[in-house]
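Colleague: Dumping the structure here so I can ask a few things about it.
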Amino acid sequence: MSTGLTGLTGLTGFAVLPLPWPFEREYMQLALAAGLVIGICAPLIGTFLVQQRLSLMGDGIGHLALAGIAAGLLLEVWPVWSAMVVAAVGALSIEWLRSRRRATSDLALALWFYGGIAAGVVLASRSTGGSGAILPYLFGSILTVDRSEVLLVVLLGLGIVVTVAAFGRTLFAIVIDEESARVAGLPVGAGNAVLAVLTAVTVVAAMQVVGVLLVAALMVLPVATSRNLARSFRGTLVGAAGIGAFAVVAGLAAARQWALAPGGSIVLVAAGTFAAVGVLGGRTGARRPVLVEAPAPGTAPRDGRDPHDDHEHEHDHDHPGPGSG
Amino acid sequence: MTVAGEPGPAVLAAHGVSFAYGADPAVSAVDLTVAPGEFVALVGPNGSGKSTLLRLLLGLLTPDAGTVELLGHPPRELRERWRVGYVPQRRILDLDVPATVAEVVASGRTARRGWWRPPRHADRAAVEHALDAVAIADLRHRPVAALSGGQQQRVLIARALVAEPTVLVLDEPIAGVDRESQRLFRDSLVHLVEHHDTAVLLVSHELGAVADDLDRVVVLQRRVRFDGPPSALAATGVHLGVHADDLPRWLEDLQA
């Protein structure tokens with residue numbers, strides 16, 4: 001891929017490290033470096049998105065990024081930059097639609113999901129490379145990343161980690177109860193905007209690793225697994241990042257060993273980890289993976305709950321809305 | 001609790017407030033004040049406008065007519081918003097969150113501390129105090145999702161208390177919780193009012209647990225139907241242990 005960062009190549013100072021198989025070669029070490037950054041950062045952002053029930057946010061923005069890539073190809077500018085601009089603007093618009101209740105979260109995502117991929121195909125068809133030029137971005141090409149691309153991914157990853165470290169507590173307060181955060185005076189709008197832009201940055205950084213079609217998987221699958229293992233939010237964040245890193249290492253090793261597509265291999269390892277935790281959880285009595293939405297608190301007893309709840313009576317109450325209190 | 005004749009400036013006030021969802025009026029010309037250290041209950045049947053009035057008072061909705069003041073300021077102009085503690089209805093929250101009790105309670109301190117600052121010793125001490133205040137200190141490392149409804153309710157109250165608010169607003173806090181949790185809830189509120197001079201506005205169908213501790217009861221049915229001490233309400237022949245199903249009849253009795 002064209003990098004646009006060739007001037008920075010000399011700054012990377014990347015030397016081939018004496019790593020064991022399958023990472024003894026330079027191209028595998030570059031893939032490992034880029035992959036680890038994404039394997040750690042994508043679940044960090046995904047932990048907040050999953051709690052906000054925006055698990056498909058990465059998917060929607062990925063399709064928008066595709067339109068940005070195609071626009072870059074058409075305009076002959078570096079596609080990563082155009083993808084970044086389109087993805088960030090799209091992410092902010094999704095958040096705007098959601099926060100203003102102009103559209104439900106899934107409808108807002110669907111609008112961009114289909115609009116983005118359609119725009120990507122149409123714009124790419126008018127570029128010099130034709131529609132085939134966007135294929136590497138659809139499925140990723142982590143084994144062909146060069147040093148400057150790795151540098152870009154590392155810089156984006158650092159930005160994501162620093163921002164999460166600075167905003168993490170505020171984002172946590174917002175994603176568990178947005179209305180109370182607003183009453184308390186926390187910058188809810190700014191926090192959600194930061195999360196939307198971080199999602200866009202992560203998608204663009206990850207599109208060379210797993211491709212835009214699979215980027216959301218790295219935001220969601222490690223989080224789904226970690227939520228079933230951890231007891232705390234901090235533990236969920238750390239666990240999800242660890243599982244993401246493991247999926248990258250194991251996925252790259254599997255791809256090298258059996259000549260598989262690396263992006264798909266990484267995601268399949270993440271999915272397999274989720275399933276394995278489910279099987280082991282069932283045998284050991286640990287919390288089993290949950291894919292269906294849990295009942296609203298108070299509407300049904302849950303494992304480990306006080307038996308008093310079985311007999312709790314719930315009254316109808318007045319939600320704000322037409323004709324109600 | 002307040003001493004008669006010394007109400008002080010209002011911490012919460014609605015002056016002639018009206019609001020409608022489209023053509024459907026939710027509250028009309030409502031006047032309501034809560035003084036520092038006052039313990040007030042807002043009651044009314046479903047659809048009476050309680051939650052709408054509460055959202056207007058908190059600045060989450062803008063009134064069509066009238067004005068609202070939070071701690072003497074229009075809600076949007078109040079800088080120290082953390083001085084208003086809010087306990088939302090437990091049922092409308094997604095508490096299937098992978099977080100411990102201590103993490104959720106500590107999140108209530110973020111606004112007061114400044115969202116950009118890491119927690120300090122005073123913040124950690126405030127979390128411990130809030131956990132103790134609602135008797136959940138021994139649950140601090142438990143996942144919130146694994147708690148009973150009553151325990152989760154106390155977590156939400158602790159999260160509101162941890163910022164040491166001047167006024168605490170609670171929306172249906174005891175709906176569907178067991179009697180022991182109701183008792184602990186009542187003790188916590190009385191402690192706040194008596195020892196911290198915190199004003200409390202409680203929106204609830206069920207007031208049995210706190211009926212003897214209230215300074216005032218406000219009965220709402222789009223308009224304020226009654227505003228006075230519980231004894232005056234009792235003199236009308238109705239009592240505060242009324243079940244939600246009987247509220248409409250109770251209001252008819254009140255208006256008769």
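Lettering and numbering for the structure tokens are positional, with chains as A, B, ... in the shown order, residues counted from 1 in each chain, and ligands counted from 1 in the shown order.
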Give me the residues within 8 Å of segment 94-108 of chain B as an MDAnalysis selection string, counting only C-alpha atoms and dropping any in the same chain fewer than 6 places off.
Modeller: (chainID A and resid 51 169:170 172:173 176:177 227 230:234 236 294 296:297) or (chainID B and resid 123:124 127 130:131 139:145 155:156 158:163)
Colleague: Would you mind writing down, as number ranges by chain, each residue of segment 163-296 of chain A that DSSP on the backbone assigns to alpha helix (DSSP H)?
Modeller: A: 163-176, 178-183, 188-206, 215-227, 233-258, 262-284
Colleague: Can you work out the spacing between atom CA of Ile174 of chain A and atom CA of Ala190 of chain A in Å, to one decimal?
Modeller: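 Separation between atom CA of Ile174 of chain A and atom CA of Ala190 of chain A: 10.5 Å.
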Colleague: Give the residues of chain B that lie within 7 Å of chain A; count only C-alpha atoms, and format the answer as number ranges by chain.
Modeller: B: 21, 24-26, 46-52, 58, 81-82, 84, 86, 91, 93-95, 97-100, 107, 110-111, 115-116, 143, 146-149, 175-178
Colleague: Can you work out which one of A:Trp258, A:Gly116, A:Leu151, A:Gly58 has the shortest atom-to-atom distance to Val215 of chain A, counting only C-alpha atoms?
Modeller: A:Gly58
Colleague: Measuring between only C-alpha atoms, which one of A:Ala87, A:Val197, A:Val122, A:Ala217 shows the shortest distance to Gly68 of chain A?
Modeller: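 Nearest to Gly68 of chain A: A:Ala87.
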Colleague: Point out the residue among B:Ala133, B:Val218, B:Ala211, B:Ala234 with the least atom-to-atom distance to His191 of chain B, counting only C-alpha atoms.
Modeller: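 Ranked by minimum distance to His191 of chain B, first place goes to B:Ala133.
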Colleague: Show me, as a Markdown table, the residues of segment 27-55 of chain B having an atom within 6 Å of segment 198-209 of chain B, each with the closest atom pair and its distance in Å, using only C-alpha atoms.
Modeller:
```
| residue | atom | partner | partner_atom | distance |
| --- | --- | --- | --- | --- |
| B:Pro36 | CA | B:Ala199 | CA | 5.0 |
| B:Gly37 | CA | B:Ala199 | CA | 4.0 |
| B:Glu38 | CA | B:Ala199 | CA | 4.7 |
| B:Phe39 | CA | B:Val200 | CA | 4.8 |
| B:Val40 | CA | B:Leu201 | CA | 4.9 |
| B:Ala41 | CA | B:Leu202 | CA | 4.7 |
| B:Leu42 | CA | B:Val203 | CA | 4.7 |
| B:Val43 | CA | B:Ser204 | CA | 5.7 |
```
Colleague: Please report, as a PyMOL selection string, each residue of segment 5-225 of chain B to which DSSP assigns strand (DSSP E or B) when run on this structure's backbone.
Modeller: chain B and resi 12-21+24-34+39-43+65-70+73+84-87+100+143+167-171+199-203+216-221+223-225
Colleague: So that I can see what lies close to Met219 of chain A, please list as a count of residues only the residues with an atom at most 7 Å from it, counting only C-alpha atoms and leaving out residues fewer than 4 positions away in the same chain.
Modeller: 6
Colleague: Out of B:Pro45, B:Pro119, B:Gly16, B:Pro173, which residue has the shortest atom-to-atom distance to Ser28 of chain B when counting only C-alpha atoms?
Modeller: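 Closest residue, counting only C-alpha atoms: B:Gly16.
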Colleague: Which distance in Å separates atom CA of Leu111 of chain A and atom CA of Val194 of chain A, to one decimal?
Modeller: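 Computing the Euclidean distance for atom CA of Leu111 of chain A and atom CA of Val194 of chain A yields 21.2 Å.
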Colleague: Applying 12 Å and only C-alpha atoms, which residues near segment 266-282 of chain A remain after dropping the ones on its own chain fewer than 4 positions away? List them as a short mmCIF file (atom, residue, chain, number, x, y, z; two decimals) with C-alpha atoms, in the first residue's frame.
Modeller:
```cif
data_model
loop_
_atom_site.label_atom_id
_atom_site.label_comp_id
_atom_site.auth_asym_id
_atom_site.auth_seq_id
_atom_site.Cartn_x
_atom_site.Cartn_y
_atom_site.Cartn_z
CA ALA A 31 3.17 -7.78 11.37
CA LEU A 32 3.53 -8.70 15.05
CA GLY A 35 -0.94 -6.57 15.23
CA LEU A 36 -0.13 -6.26 18.92
CA ILE A 38 -4.31 -3.24 17.35
CA GLY A 39 -4.88 -6.39 19.42
CA PRO A 43 -10.55 -4.19 22.80
CA PHE A 139 -9.50 -8.15 4.30
CA GLY A 140 -6.27 -6.59 5.58
CA ILE A 142 -0.77 -7.35 7.70
CA VAL A 209 -4.28 -5.72 10.14
CA VAL A 210 -7.64 -7.47 9.80
CA GLY A 211 -9.42 -5.35 7.17
CA LEU A 213 -14.83 -6.23 7.30
CA LEU A 214 -13.33 -7.84 10.41
CA VAL A 215 -12.18 -4.85 12.43
CA ALA A 216 -15.24 -4.85 14.68
CA ALA A 217 -14.48 -8.45 15.66
CA LEU A 218 -11.31 -7.36 17.45
CA MET A 219 -13.31 -4.68 19.24
CA VAL A 220 -15.97 -7.08 20.46
CA LEU A 221 -14.81 -10.72 20.74
CA PRO A 222 -11.98 -10.19 23.28
CA VAL A 223 -14.32 -7.99 25.30
CA ALA A 224 -17.10 -10.60 25.25
CA THR A 225 -14.60 -13.17 26.52
CA SER A 226 -13.10 -10.92 29.16
CA ARG A 227 -16.51 -9.86 30.49
CA ASN A 228 -17.13 -13.50 31.33
CA LEU A 229 -13.87 -13.86 33.21
CA ALA A 230 -13.30 -10.54 35.00
CA ALA A 240 -9.68 -7.90 26.84
CA ALA A 241 -6.39 -6.30 25.80
CA GLY A 242 -4.53 -9.47 26.81
CA ILE A 243 -6.90 -11.73 24.89
CA GLY A 244 -6.63 -9.43 21.85
CA ALA A 245 -2.84 -9.65 22.00
CA PHE A 246 -3.02 -13.44 22.32
CA ALA A 247 -5.32 -13.66 19.30
CA VAL A 248 -2.84 -11.68 17.22
CA VAL A 249 0.15 -13.82 18.23
CA ALA A 250 -1.68 -17.13 17.80
CA GLY A 251 -3.45 -16.00 14.61
CA LEU A 252 -0.20 -14.91 12.97
CA ALA A 253 1.49 -18.16 13.99
CA ALA A 254 -1.38 -20.17 12.52
CA ALA A 255 -1.30 -18.12 9.34
CA ARG A 256 2.44 -18.73 8.96
CA LEU A 260 -3.84 -18.96 6.04
CA ALA A 261 -5.25 -15.47 5.66
CA PRO A 262 -3.77 -13.71 8.73
CA ALA A 286 -17.14 -20.06 36.15
CA ARG A 287 -19.48 -17.57 34.57
CA ARG A 288 -20.60 -18.85 31.16
CA PRO A 289 -20.40 -16.64 28.10
CA VAL A 290 -23.55 -14.69 27.49
CA LEU A 291 -24.45 -13.67 23.96
#
```
Colleague: Given only C-alpha atoms as the basis, pick out the residue of B:Glu180, B:Glu164, B:Asp64, B:Asp138 nearest to Gly150 of chain B.
Modeller: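 Counting only C-alpha atoms, the residue closest to Gly150 of chain B is B:Glu180.
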